>>> print(open('data-v3.txt').read())   # compact mmCIF, N, CA and C atoms
# COMPACT_ATOMS: atom_id res chain seq x y z
N MET M 1 72.40 -27.45 -70.43
CA MET M 1 72.17 -26.05 -70.16
C MET M 1 73.03 -25.24 -71.11
N THR M 2 72.41 -24.28 -71.75
CA THR M 2 73.14 -23.43 -72.68
C THR M 2 73.92 -22.37 -71.90
N PRO M 3 74.96 -21.81 -72.53
CA PRO M 3 75.71 -20.75 -71.83
C PRO M 3 74.84 -19.54 -71.50
N HIS M 4 73.88 -19.21 -72.35
CA HIS M 4 73.02 -18.06 -72.09
C HIS M 4 72.12 -18.29 -70.87
N SER M 5 71.58 -19.47 -70.77
CA SER M 5 70.74 -19.76 -69.61
C SER M 5 71.56 -19.81 -68.33
N PHE M 6 72.81 -20.29 -68.42
CA PHE M 6 73.67 -20.32 -67.24
C PHE M 6 73.98 -18.90 -66.76
N VAL M 7 74.27 -18.00 -67.69
CA VAL M 7 74.55 -16.61 -67.31
C VAL M 7 73.31 -15.96 -66.71
N LEU M 8 72.15 -16.23 -67.30
CA LEU M 8 70.91 -15.69 -66.76
C LEU M 8 70.66 -16.18 -65.34
N ILE M 9 70.86 -17.46 -65.12
CA ILE M 9 70.67 -18.02 -63.77
C ILE M 9 71.71 -17.45 -62.80
N LEU M 10 72.94 -17.26 -63.26
CA LEU M 10 73.99 -16.69 -62.41
C LEU M 10 73.64 -15.26 -62.00
N VAL M 11 73.15 -14.46 -62.93
CA VAL M 11 72.78 -13.07 -62.63
C VAL M 11 71.57 -13.04 -61.70
N LEU M 12 70.58 -13.88 -61.95
CA LEU M 12 69.42 -13.92 -61.06
C LEU M 12 69.80 -14.40 -59.67
N ALA M 13 70.69 -15.38 -59.59
CA ALA M 13 71.15 -15.86 -58.28
C ALA M 13 71.90 -14.77 -57.53
N SER M 14 72.68 -13.98 -58.23
CA SER M 14 73.40 -12.89 -57.55
C SER M 14 72.43 -11.82 -57.07
N ALA M 15 71.36 -11.56 -57.82
CA ALA M 15 70.35 -10.59 -57.38
C ALA M 15 69.63 -11.10 -56.13
N VAL M 16 69.29 -12.39 -56.12
CA VAL M 16 68.64 -12.98 -54.94
C VAL M 16 69.58 -12.95 -53.74
N LEU M 17 70.83 -13.26 -53.97
CA LEU M 17 71.83 -13.24 -52.90
C LEU M 17 72.00 -11.82 -52.35
N ALA M 18 72.03 -10.82 -53.22
CA ALA M 18 72.15 -9.44 -52.78
C ALA M 18 70.92 -9.02 -51.97
N PHE M 19 69.74 -9.43 -52.41
CA PHE M 19 68.53 -9.12 -51.66
C PHE M 19 68.55 -9.78 -50.29
N TRP M 20 69.03 -11.03 -50.23
CA TRP M 20 69.11 -11.72 -48.95
C TRP M 20 70.08 -11.01 -48.02
N ILE M 21 71.24 -10.60 -48.54
CA ILE M 21 72.22 -9.89 -47.70
C ILE M 21 71.61 -8.58 -47.19
N GLY M 22 70.92 -7.87 -48.07
CA GLY M 22 70.29 -6.62 -47.66
C GLY M 22 69.21 -6.82 -46.61
N ALA M 23 68.46 -7.91 -46.71
CA ALA M 23 67.41 -8.19 -45.73
C ALA M 23 67.99 -8.75 -44.44
N ARG M 24 69.01 -9.56 -44.54
CA ARG M 24 69.60 -10.21 -43.36
C ARG M 24 70.41 -9.23 -42.53
N PHE M 25 71.10 -8.31 -43.19
CA PHE M 25 71.93 -7.33 -42.51
C PHE M 25 71.47 -5.92 -42.87
N PRO M 26 70.36 -5.45 -42.30
CA PRO M 26 69.81 -4.15 -42.71
C PRO M 26 70.68 -2.96 -42.32
N GLY M 27 71.54 -3.11 -41.34
CA GLY M 27 72.42 -2.01 -40.95
C GLY M 27 73.67 -1.90 -41.80
N LEU M 28 73.89 -2.89 -42.64
CA LEU M 28 75.07 -2.90 -43.50
C LEU M 28 74.84 -1.94 -44.67
N GLY M 29 75.86 -1.21 -45.02
CA GLY M 29 75.75 -0.31 -46.16
C GLY M 29 76.07 1.12 -45.78
N PRO M 30 76.12 1.98 -46.77
CA PRO M 30 76.48 3.38 -46.51
C PRO M 30 75.37 4.10 -45.77
N LYS M 31 75.78 5.10 -45.00
CA LYS M 31 74.82 5.87 -44.21
C LYS M 31 74.50 7.23 -44.84
N THR M 32 75.36 7.67 -45.76
CA THR M 32 75.13 8.95 -46.42
C THR M 32 74.96 8.72 -47.92
N PHE M 33 74.33 9.70 -48.55
CA PHE M 33 74.08 9.60 -49.98
C PHE M 33 75.38 9.62 -50.78
N ALA M 34 76.36 10.39 -50.31
CA ALA M 34 77.64 10.46 -51.03
C ALA M 34 78.34 9.11 -51.04
N PHE M 35 78.35 8.42 -49.91
CA PHE M 35 78.96 7.09 -49.87
C PHE M 35 78.11 6.07 -50.65
N GLY M 36 76.81 6.28 -50.70
CA GLY M 36 75.95 5.42 -51.50
C GLY M 36 76.27 5.52 -52.98
N VAL M 37 76.46 6.74 -53.45
CA VAL M 37 76.83 6.95 -54.85
C VAL M 37 78.23 6.40 -55.12
N LEU M 38 79.12 6.57 -54.17
CA LEU M 38 80.47 6.01 -54.32
C LEU M 38 80.42 4.48 -54.44
N HIS M 39 79.60 3.84 -53.63
CA HIS M 39 79.45 2.39 -53.73
C HIS M 39 78.81 2.00 -55.06
N LEU M 40 77.85 2.80 -55.53
CA LEU M 40 77.20 2.51 -56.80
C LEU M 40 78.21 2.59 -57.94
N LEU M 41 79.07 3.59 -57.92
CA LEU M 41 80.11 3.70 -58.94
C LEU M 41 81.10 2.55 -58.85
N ALA M 42 81.40 2.12 -57.64
CA ALA M 42 82.27 0.95 -57.47
C ALA M 42 81.59 -0.31 -58.00
N GLY M 43 80.27 -0.40 -57.84
CA GLY M 43 79.52 -1.51 -58.40
C GLY M 43 79.57 -1.53 -59.92
N PHE M 44 79.45 -0.34 -60.52
CA PHE M 44 79.58 -0.25 -61.98
C PHE M 44 80.98 -0.66 -62.42
N ALA M 45 81.98 -0.23 -61.67
CA ALA M 45 83.36 -0.61 -62.00
C ALA M 45 83.55 -2.12 -61.85
N ALA M 46 82.89 -2.71 -60.87
CA ALA M 46 82.99 -4.16 -60.68
C ALA M 46 82.40 -4.89 -61.88
N ILE M 47 81.27 -4.41 -62.38
CA ILE M 47 80.66 -5.04 -63.56
C ILE M 47 81.59 -4.91 -64.76
N ARG M 48 82.21 -3.74 -64.91
CA ARG M 48 83.11 -3.52 -66.04
C ARG M 48 84.38 -4.37 -65.92
N ALA M 49 84.75 -4.77 -64.71
CA ALA M 49 85.98 -5.54 -64.50
C ALA M 49 85.79 -7.02 -64.76
N ILE M 50 84.56 -7.49 -64.84
CA ILE M 50 84.33 -8.93 -64.99
C ILE M 50 84.99 -9.51 -66.24
N PRO M 51 84.84 -8.91 -67.44
CA PRO M 51 85.49 -9.53 -68.61
C PRO M 51 87.01 -9.58 -68.51
N GLY M 52 87.62 -8.52 -68.01
CA GLY M 52 89.08 -8.50 -67.88
C GLY M 52 89.59 -9.53 -66.88
N LEU M 53 88.91 -9.64 -65.75
CA LEU M 53 89.31 -10.63 -64.75
C LEU M 53 89.08 -12.05 -65.25
N THR M 54 88.00 -12.25 -65.99
CA THR M 54 87.74 -13.56 -66.57
C THR M 54 88.80 -13.93 -67.59
N ASN M 55 89.19 -12.98 -68.43
CA ASN M 55 90.26 -13.23 -69.41
C ASN M 55 91.58 -13.54 -68.71
N ALA M 56 91.87 -12.83 -67.63
CA ALA M 56 93.10 -13.10 -66.89
C ALA M 56 93.08 -14.49 -66.25
N ALA M 57 91.94 -14.89 -65.72
CA ALA M 57 91.83 -16.22 -65.13
C ALA M 57 91.95 -17.30 -66.19
N THR M 58 91.38 -17.06 -67.35
CA THR M 58 91.48 -18.02 -68.44
C THR M 58 92.90 -18.14 -68.95
N ALA M 59 93.61 -17.02 -69.02
CA ALA M 59 95.01 -17.05 -69.47
C ALA M 59 95.90 -17.77 -68.47
N TYR M 60 95.55 -17.66 -67.20
CA TYR M 60 96.35 -18.30 -66.17
C TYR M 60 96.18 -19.81 -66.19
N SER M 61 94.93 -20.25 -66.17
CA SER M 61 94.65 -21.69 -66.17
C SER M 61 93.25 -21.92 -66.74
N THR M 62 93.20 -22.55 -67.90
CA THR M 62 91.93 -22.79 -68.55
C THR M 62 91.05 -23.72 -67.73
N GLU M 63 91.65 -24.74 -67.13
CA GLU M 63 90.88 -25.70 -66.35
C GLU M 63 90.29 -25.07 -65.09
N ALA M 64 91.07 -24.26 -64.39
CA ALA M 64 90.58 -23.61 -63.18
C ALA M 64 89.58 -22.50 -63.50
N ALA M 65 89.70 -21.89 -64.67
CA ALA M 65 88.82 -20.79 -65.03
C ALA M 65 87.38 -21.25 -65.23
N LYS M 66 87.16 -22.53 -65.48
CA LYS M 66 85.80 -23.04 -65.64
C LYS M 66 84.95 -22.77 -64.41
N PHE M 67 85.57 -22.87 -63.24
CA PHE M 67 84.84 -22.64 -62.00
C PHE M 67 85.15 -21.29 -61.38
N LEU M 68 86.37 -20.80 -61.58
CA LEU M 68 86.77 -19.53 -60.99
C LEU M 68 86.04 -18.35 -61.62
N ALA M 69 85.89 -18.36 -62.91
CA ALA M 69 85.26 -17.22 -63.59
C ALA M 69 83.81 -17.01 -63.16
N PRO M 70 82.96 -18.03 -63.21
CA PRO M 70 81.58 -17.75 -62.83
C PRO M 70 81.36 -17.60 -61.32
N PHE M 71 82.01 -18.45 -60.52
CA PHE M 71 81.70 -18.47 -59.09
C PHE M 71 82.67 -17.66 -58.24
N GLY M 72 83.87 -17.43 -58.71
CA GLY M 72 84.85 -16.66 -57.94
C GLY M 72 84.99 -15.23 -58.40
N ILE M 73 84.54 -14.94 -59.62
CA ILE M 73 84.66 -13.58 -60.15
C ILE M 73 83.28 -12.98 -60.40
N ALA M 74 82.50 -13.59 -61.28
CA ALA M 74 81.24 -12.99 -61.70
C ALA M 74 80.19 -12.94 -60.59
N LEU M 75 79.99 -14.03 -59.88
CA LEU M 75 78.95 -14.06 -58.84
C LEU M 75 79.19 -13.02 -57.74
N PRO M 76 80.39 -12.93 -57.16
CA PRO M 76 80.58 -11.90 -56.13
C PRO M 76 80.48 -10.47 -56.66
N LEU M 77 80.98 -10.23 -57.87
CA LEU M 77 80.93 -8.86 -58.40
C LEU M 77 79.52 -8.46 -58.80
N PHE M 78 78.77 -9.37 -59.40
CA PHE M 78 77.36 -9.08 -59.69
C PHE M 78 76.57 -8.87 -58.39
N THR M 79 76.85 -9.68 -57.39
CA THR M 79 76.15 -9.54 -56.11
C THR M 79 76.44 -8.18 -55.49
N TYR M 80 77.70 -7.76 -55.53
CA TYR M 80 78.05 -6.44 -54.99
C TYR M 80 77.35 -5.33 -55.77
N ALA M 81 77.29 -5.46 -57.09
CA ALA M 81 76.64 -4.43 -57.89
C ALA M 81 75.15 -4.33 -57.56
N PHE M 82 74.48 -5.47 -57.44
CA PHE M 82 73.07 -5.44 -57.06
C PHE M 82 72.89 -4.91 -55.64
N LEU M 83 73.80 -5.26 -54.75
CA LEU M 83 73.71 -4.80 -53.37
C LEU M 83 73.88 -3.29 -53.27
N THR M 84 74.77 -2.72 -54.06
CA THR M 84 74.93 -1.26 -54.04
C THR M 84 73.67 -0.56 -54.54
N GLY M 85 73.00 -1.15 -55.53
CA GLY M 85 71.73 -0.58 -55.98
C GLY M 85 70.68 -0.63 -54.89
N LEU M 86 70.64 -1.74 -54.16
CA LEU M 86 69.70 -1.88 -53.05
C LEU M 86 70.01 -0.86 -51.96
N TRP M 87 71.30 -0.71 -51.64
CA TRP M 87 71.68 0.27 -50.62
C TRP M 87 71.28 1.68 -51.01
N LEU M 88 71.50 2.04 -52.27
CA LEU M 88 71.16 3.39 -52.71
C LEU M 88 69.64 3.58 -52.70
N ALA M 89 68.89 2.58 -53.12
CA ALA M 89 67.43 2.67 -53.06
C ALA M 89 66.95 2.82 -51.61
N ARG M 90 67.59 2.10 -50.69
CA ARG M 90 67.24 2.21 -49.27
C ARG M 90 67.55 3.61 -48.74
N LEU M 91 68.70 4.18 -49.14
CA LEU M 91 69.04 5.53 -48.70
C LEU M 91 68.04 6.55 -49.24
N ILE M 92 67.66 6.41 -50.49
CA ILE M 92 66.68 7.35 -51.08
C ILE M 92 65.34 7.20 -50.37
N HIS M 93 64.94 5.98 -50.10
CA HIS M 93 63.67 5.76 -49.39
C HIS M 93 63.70 6.37 -48.00
N ARG M 94 64.80 6.16 -47.29
CA ARG M 94 64.91 6.72 -45.94
C ARG M 94 64.91 8.24 -45.96
N SER M 95 65.55 8.83 -46.96
CA SER M 95 65.63 10.29 -47.00
C SER M 95 64.30 10.91 -47.38
N THR M 96 63.49 10.22 -48.16
CA THR M 96 62.20 10.78 -48.56
C THR M 96 61.12 10.53 -47.52
N THR M 97 61.26 9.50 -46.70
CA THR M 97 60.22 9.20 -45.71
C THR M 97 60.60 9.62 -44.30
N SER M 98 61.79 10.18 -44.10
CA SER M 98 62.21 10.53 -42.74
C SER M 98 61.44 11.72 -42.18
N GLY M 99 60.94 12.60 -43.02
CA GLY M 99 60.22 13.76 -42.54
C GLY M 99 58.74 13.52 -42.33
N LEU M 100 58.24 12.37 -42.73
CA LEU M 100 56.82 12.09 -42.59
C LEU M 100 56.50 11.53 -41.21
N PRO M 101 55.33 11.83 -40.68
CA PRO M 101 54.96 11.24 -39.38
C PRO M 101 54.71 9.75 -39.53
N HIS M 102 55.00 9.00 -38.48
CA HIS M 102 54.82 7.54 -38.52
C HIS M 102 53.48 7.14 -38.03
>>> encode(input="data-v3.txt", output="structure tokens")
Amino acid sequence: MTPHSFVLILVLASAVLAFWIGARFPGLGPKTFAFGVLHLLAGFAAIRAIPGLTNAATAYSTEAAKFLAPFGIALPLFTYAFLTGLWLARLIHRSTTSGLPH
């Protein structure tokens, strides 16, 4: 497996995991648009933090970083970033369909 295919599979797995969390726990997430945007910004910050945290883990222990970087750093942060996007999409959907008759 090439490094590029591993990263692609890791990102896709985090998106699937975020979708599962959103479907399994529908009440989880922000209730207002302001908190939704705040979570989205935190998700962007999480994505931006991945290289720095990976470099810190590699500097600490090269052997441990082989597993810590992808599964302990990248997977949870990518999952959170995808989950915040799902939460914000859910908030927008709820706000646009709340006034319509069922």
>>> select_by_dssp(input="data-v3.txt", residues="chain M", states="helix (DSSP H, G or I)", output="VMD selection string")
chain M and resid 3 to 24 33 to 60 62 to 97
>>> closest_atom_pairs(input="data-v3.txt", of="range 2-66 of chain M", to="range 75-97 of chain M", cutoff="9 Å", atoms="only C-alpha atoms", output="tab-separated table")
residue	atom	partner	partner_atom	distance
M:Leu10	CA	M:Leu75	CA	6.7
M:Val11	CA	M:Phe78	CA	6.7
M:Ala13	CA	M:Leu75	CA	8.0
M:Ser14	CA	M:Thr79	CA	4.6
M:Ala15	CA	M:Phe82	CA	5.8
M:Val16	CA	M:Thr79	CA	8.3
M:Leu17	CA	M:Thr79	CA	6.5
M:Ala18	CA	M:Leu83	CA	4.9
M:Phe19	CA	M:Leu83	CA	7.0
M:Ile21	CA	M:Leu83	CA	7.8
M:Gly22	CA	M:Leu83	CA	6.9
M:Leu28	CA	M:Trp87	CA	8.5
M:Gly29	CA	M:Trp87	CA	6.1
M:Pro30	CA	M:Trp87	CA	7.0
M:Lys31	CA	M:Leu91	CA	7.3
M:Thr32	CA	M:Leu91	CA	7.3
M:Phe33	CA	M:Leu91	CA	6.6
M:Gly36	CA	M:Leu88	CA	5.3
M:Val37	CA	M:Leu88	CA	7.0
M:His39	CA	M:Thr84	CA	5.8
M:Leu40	CA	M:Thr84	CA	5.2
M:Leu41	CA	M:Thr84	CA	8.7
M:Ala42	CA	M:Ala81	CA	7.8
M:Gly43	CA	M:Ala81	CA	4.1
M:Phe44	CA	M:Ala81	CA	6.5
M:Ala45	CA	M:Ala81	CA	8.8
M:Ala46	CA	M:Leu77	CA	5.6
M:Ile47	CA	M:Leu77	CA	6.4
M:Ala49	CA	M:Leu77	CA	8.6
M:Ile50	CA	M:Leu77	CA	7.4
>>> atom_distance(input="data-v3.txt", atom1="atom C of Leu53 in chain M", atom2="CA of Met1 in chain M")
22.5 Å
>>> axis_aligned_box(input="data-v3.txt", around="range 51-69 of chain M", padding_each_side="8 Å", output="JSON")
{"center_x": 90.1, "center_y": -17.1, "center_z": -65.2, "size_x": 28.5, "size_y": 33.2, "size_z": 24.5}
>>> atom_distance(input="data-v3.txt", atom1="atom C of Ala65 in chain M", atom2="atom N of Leu8 in chain M")
16.2 Å
>>> atom_distance(input="data-v3.txt", atom1="atom N of Asn55 in chain M", atom2="atom C of Phe35 in chain M")
28.3 Å
>>> residues_around(input="data-v3.txt", residues="Leu68 in chain M", least_positions_apart="4", cutoff="8 Å", atoms="all atoms listed in the file", output="mmCIF file with N, CA and C atoms, keeping the file's coordinate frame")
data_model
loop_
_atom_site.group_PDB
_atom_site.id
_atom_site.type_symbol
_atom_site.label_atom_id
_atom_site.label_comp_id
_atom_site.auth_asym_id
_atom_site.auth_seq_id
_atom_site.Cartn_x
_atom_site.Cartn_y
_atom_site.Cartn_z
ATOM 1 N N LEU M 53 88.910 -9.640 -65.750
ATOM 2 C CA LEU M 53 89.310 -10.630 -64.750
ATOM 3 C C LEU M 53 89.080 -12.050 -65.250
ATOM 4 N N THR M 54 88.000 -12.250 -65.990
ATOM 5 C CA THR M 54 87.740 -13.560 -66.570
ATOM 6 C C THR M 54 88.800 -13.930 -67.590
ATOM 7 N N ALA M 57 91.940 -14.890 -65.720
ATOM 8 C CA ALA M 57 91.830 -16.220 -65.130
ATOM 9 C C ALA M 57 91.950 -17.300 -66.190
ATOM 10 N N THR M 58 91.380 -17.060 -67.350
ATOM 11 C CA THR M 58 91.480 -18.020 -68.440
ATOM 12 C C THR M 58 92.900 -18.140 -68.950
ATOM 13 N N GLU M 63 91.650 -24.740 -67.130
ATOM 14 C CA GLU M 63 90.880 -25.700 -66.350
ATOM 15 C C GLU M 63 90.290 -25.070 -65.090
ATOM 16 N N ALA M 64 91.070 -24.260 -64.390
ATOM 17 C CA ALA M 64 90.580 -23.610 -63.180
ATOM 18 C C ALA M 64 89.580 -22.500 -63.500
ATOM 19 N N GLY M 72 83.870 -17.430 -58.710
ATOM 20 C CA GLY M 72 84.850 -16.660 -57.940
ATOM 21 C C GLY M 72 84.990 -15.230 -58.400
ATOM 22 N N ILE M 73 84.540 -14.940 -59.620
ATOM 23 C CA ILE M 73 84.660 -13.580 -60.150
ATOM 24 C C ILE M 73 83.280 -12.980 -60.400
ATOM 25 N N ALA M 74 82.500 -13.590 -61.280
ATOM 26 C CA ALA M 74 81.240 -12.990 -61.700
ATOM 27 C C ALA M 74 80.190 -12.940 -60.590
ATOM 28 N N LEU M 75 79.990 -14.030 -59.880
ATOM 29 C CA LEU M 75 78.950 -14.060 -58.840
ATOM 30 C C LEU M 75 79.190 -13.020 -57.740
#
